[in-house]
Every structure is written in C-alpha cells, then in structure tokens.
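Q: To start, I am sharing the structure in question, which I have written as structure tokens.
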Amino acid sequence: QVQLVQAGGGSVQAGGSLRLSCAASTFIHQSYCMAWFRQVSGKEREAVATICNRIGGGSTYYADSVKGRFTIPQDTDKNTLYLQMNSLKPVDTAMYYCAASWAWVRDPTANEEYKYWGQGTQVTVSS
C-alpha cells in the first residue's frame, strides 16, 4: 500500500512563499505521474501542477492561475515531490492535496487518474 505524507502549508501574507512536500512510502517508479491539486469548500478539486515521466520523455503542467509563481520540483532519491509557491495571493487559499499514479496517465489534470492521495494540507493567504 502506497502512502503519501504531506508536510508544509500554513498561513502566509500575500506575496509570501510556502513549500509543500509529499513523501511517498515507496520509490517513485520509472513511469509515473504525480500532481498537486487544491480544493476550496464548495468547489471541485482542481489540478494546480503535474509532472509525468516515462522512458522517452515527460511532461509538466501548470494551471494558468499559477504559472510563473508555482513550481513542482522533486527529489527522486527521497521519493518526495514538492510544490514551491511564490508570490502567493489570497485566491490561492485552499486545501492542497498531492496525488500519484505509478503509471503514465491519459489526463494528468483529472482526479480519477490518480490512485494514491495525500492527507491534504491547508494553505491560507491573507491580504
């Protein structure tokens, strides 16, 4: 059973930075997709950033709302994915979840593509 354990998050003022981490209990496979989603109460969970890799290539995705501000670095030696969030805005306030699939997925932005999920962590940005 794969577990994803999230850390980081909290409260910050607008313009500040936060880094979330997502540690997988197993090694990151050669072919995988991992992602960060966020959800505001009453709204659907949306993909913020994704990264997929397989032999021959990979891809990343950033939602338009976070392009240029968020990045999705990873440390495969530590089986850990990060979400570096800079220039945070109040609209970034949400519960953030990491997700993983140990296989290439058709649509990395779709919730249903991911089998494993972190426990969620709250990010609150005040103006």
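Note on naming: chains are A, B, ... as they come in the structure tokens, residues start from 1 per chain, ligands start from 1 in the order shown.
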Can you tell me, as a PDB file with N, CA and C atoms, in the first residue's frame, what residues are no more than 10 Å from Ser41 in chain A when counting only C-alpha atoms, ignoring any on the same chain fewer than 3 positions away?
A:
ATOM      1  N   GLU A  44     -15.021  22.166  -6.964  1.00  0.00           N
ATOM      2  CA  GLU A  44     -14.344  20.940  -7.358  1.00  0.00           C
ATOM      3  C   GLU A  44     -12.846  21.034  -7.115  1.00  0.00           C
ATOM      4  N   ARG A  45     -12.231  19.889  -6.890  1.00  0.00           N
ATOM      5  CA  ARG A  45     -10.784  19.838  -6.755  1.00  0.00           C
ATOM      6  C   ARG A  45     -10.170  20.086  -8.126  1.00  0.00           C
ATOM      7  N   ALA A  94      -6.616  27.430  -0.027  1.00  0.00           N
ATOM      8  CA  ALA A  94      -7.310  26.179  -0.331  1.00  0.00           C
ATOM      9  C   ALA A  94      -6.677  25.051   0.459  1.00  0.00           C
ATOM     10  N   MET A  95      -7.314  23.886   0.391  1.00  0.00           N
ATOM     11  CA  MET A  95      -6.701  22.656   0.876  1.00  0.00           C
ATOM     12  C   MET A  95      -5.946  22.073  -0.304  1.00  0.00           C
TER      13      MET A  95
END
Q: Taking only C-alpha atoms into account, name the residue in A:Gly42, A:Gly120, A:Pro73, A:Pro90 that is nearest to Gly16 in chain A.
A: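 Looking at the shortest contact to Gly16 in chain A, the residue is A:Pro90.
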Q: Can you list, as a ChimeraX atom specification, every residue of chain A that DSSP puts in helix (DSSP H, G or I)?
A: /A:76-78,90-92,111-113
Q: Counting only C-alpha atoms, what is within 9 Å of Arg19 in chain A, bar same-chain residues fewer than 3 positions away, as a list of chain:residue names?
A: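 With the cut-off at 9 Å, the set is A:Ala7, A:Gly8, A:Gly9, A:Tyr82, A:Leu83, A:Gln84, A:Met85, A:Asn86.
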Q: Could you dump the residues just selected with C-alpha atoms as a short mmCIF file (atom, residue, chain, number, x, y, z; two decimals), in the first residue's frame?
A:
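Once written, selection14.cif looks like this:
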data_model
loop_
_atom_site.label_atom_id
_atom_site.label_comp_id
_atom_site.auth_asym_id
_atom_site.auth_seq_id
_atom_site.Cartn_x
_atom_site.Cartn_y
_atom_site.Cartn_z
CA ALA A 7 4.03 18.44 5.08
CA GLY A 8 4.25 22.20 4.90
CA GLY A 9 1.48 24.67 4.36
CA TYR A 82 7.38 19.47 -3.69
CA LEU A 83 5.18 22.41 -4.55
CA GLN A 84 7.08 25.66 -4.32
CA MET A 85 4.61 28.51 -4.12
CA ASN A 86 5.84 32.07 -4.57
#
Q: For the contact check between range 6-59 of chain A and range 106-118 of chain A, emit one row per residue of range 6-59 of chain A within 7 Å, containing the shortest atom pair and the distance in Å rounded to one decimal, counting only C-alpha atoms, chain then rising number order, as a tab-separated table.
A:
residue	atom	partner	partner_atom	distance
A:Gln6	CA	A:Gly118	CA	5.9
A:Cys33	CA	A:Pro108	CA	7.0
A:Ala47	CA	A:Thr109	CA	5.1
A:Thr50	CA	A:Pro108	CA	6.4
Q: So that I can check the secondary structure, give me every residue of chain A assigned strand (DSSP E) by backbone DSSP, as a ChimeraX atom specification.
A: /A:4-7,10-13,18-24,32-39,46-54,57-62,70-71,74-75,80-85,94-101,116-117,121-126
Q: Can you pull out every residue within 8 Å of Leu88 in chain A, counting only C-alpha atoms, but drop anything in the same chain fewer than 5 positions away, and send it as number ranges by chain?
A: A: 13-17, 69, 125
Q: Leaving out Asp92 in chain A and any residue of its chain fewer than 3 positions from it, which residues lie within 9 Å of it when counting only C-alpha atoms, given as a VMD selection string?
A: chain A and resid 38 65 to 66 88 to 89 123 to 125
Q: Tell me, as a list in words, which residues lie within 10 Å of His29 in chain A, counting only C-alpha atoms; anything in the same chain fewer than 6 positions away does not count.
A: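 The neighbour list is Asn53, Arg54, Thr76, Asn79, Ser101, Trp102 and Ala103 of chain A.
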Q: Would you mind exporting the chosen residues as a JSON list (two decimals), in the first residue's frame, restricted to N, CA and C atoms?
A:
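Ended up saving to again-v1.json:
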[["chain", "number", "residue", "atom", "x", "y", "z"],
["A", 53, "ASN", "N", 6.55, 11.29, -15.98],
["A", 53, "ASN", "CA", 7.77, 10.84, -16.62],
["A", 53, "ASN", "C", 7.64, 9.39, -17.02],
["A", 54, "ARG", "N", 8.28, 9.04, -18.11],
["A", 54, "ARG", "CA", 8.38, 7.66, -18.57],
["A", 54, "ARG", "C", 9.58, 7.61, -19.48],
["A", 76, "THR", "N", 13.93, 12.52, -6.36],
["A", 76, "THR", "CA", 13.64, 11.09, -6.51],
["A", 76, "THR", "C", 14.42, 10.25, -5.51],
["A", 79, "ASN", "N", 12.20, 10.18, -2.74],
["A", 79, "ASN", "CA", 10.82, 9.84, -3.11],
["A", 79, "ASN", "C", 9.85, 10.95, -2.74],
["A", 101, "SER", "N", 0.29, 8.40, -9.41],
["A", 101, "SER", "CA", -0.04, 7.21, -10.17],
["A", 101, "SER", "C", 1.27, 6.60, -10.61],
["A", 102, "TRP", "N", 1.47, 5.33, -10.30],
["A", 102, "TRP", "CA", 2.71, 4.69, -10.72],
["A", 102, "TRP", "C", 2.55, 4.13, -12.13],
["A", 103, "ALA", "N", 2.03, 4.96, -12.99],
["A", 103, "ALA", "CA", 1.86, 4.65, -14.41],
["A", 103, "ALA", "C", 1.55, 5.96, -15.12]]
Q: Just want the 10 Å neighbourhood of Ile28 in chain A, counted on only C-alpha atoms, with same-chain residues fewer than 3 positions away dropped. Output as JSON, numbers by chain.
A: {"A": [23, 24, 25, 31, 32, 33, 34, 75, 76, 77, 78, 79, 80, 81, 100, 101, 102]}
Q: Between A:Cys98, A:Ser126, A:Trp104, A:Ser87, which residue has the minimum interatomic distance to Ala49 in chain A, considering only C-alpha atoms?
A: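 Distance minimum relative to Ala49 in chain A lands on A:Cys98.
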Q: Please determine, counting only C-alpha atoms, which residue among A:Phe27, A:Tyr61, A:Phe37, A:Phe70 has the shortest atom-to-atom distance to Gln122 in chain A.
A: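 Comparing A:Phe27, A:Tyr61, A:Phe37, A:Phe70 against Gln122 in chain A, the winner is A:Phe37.
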Q: What does the distance from CA of Tyr62 in chain A to CA of Val2 in chain A come to in Å, to one decimal?
A: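 Going from CA of Tyr62 in chain A over to CA of Val2 in chain A covers 24.9 Å.
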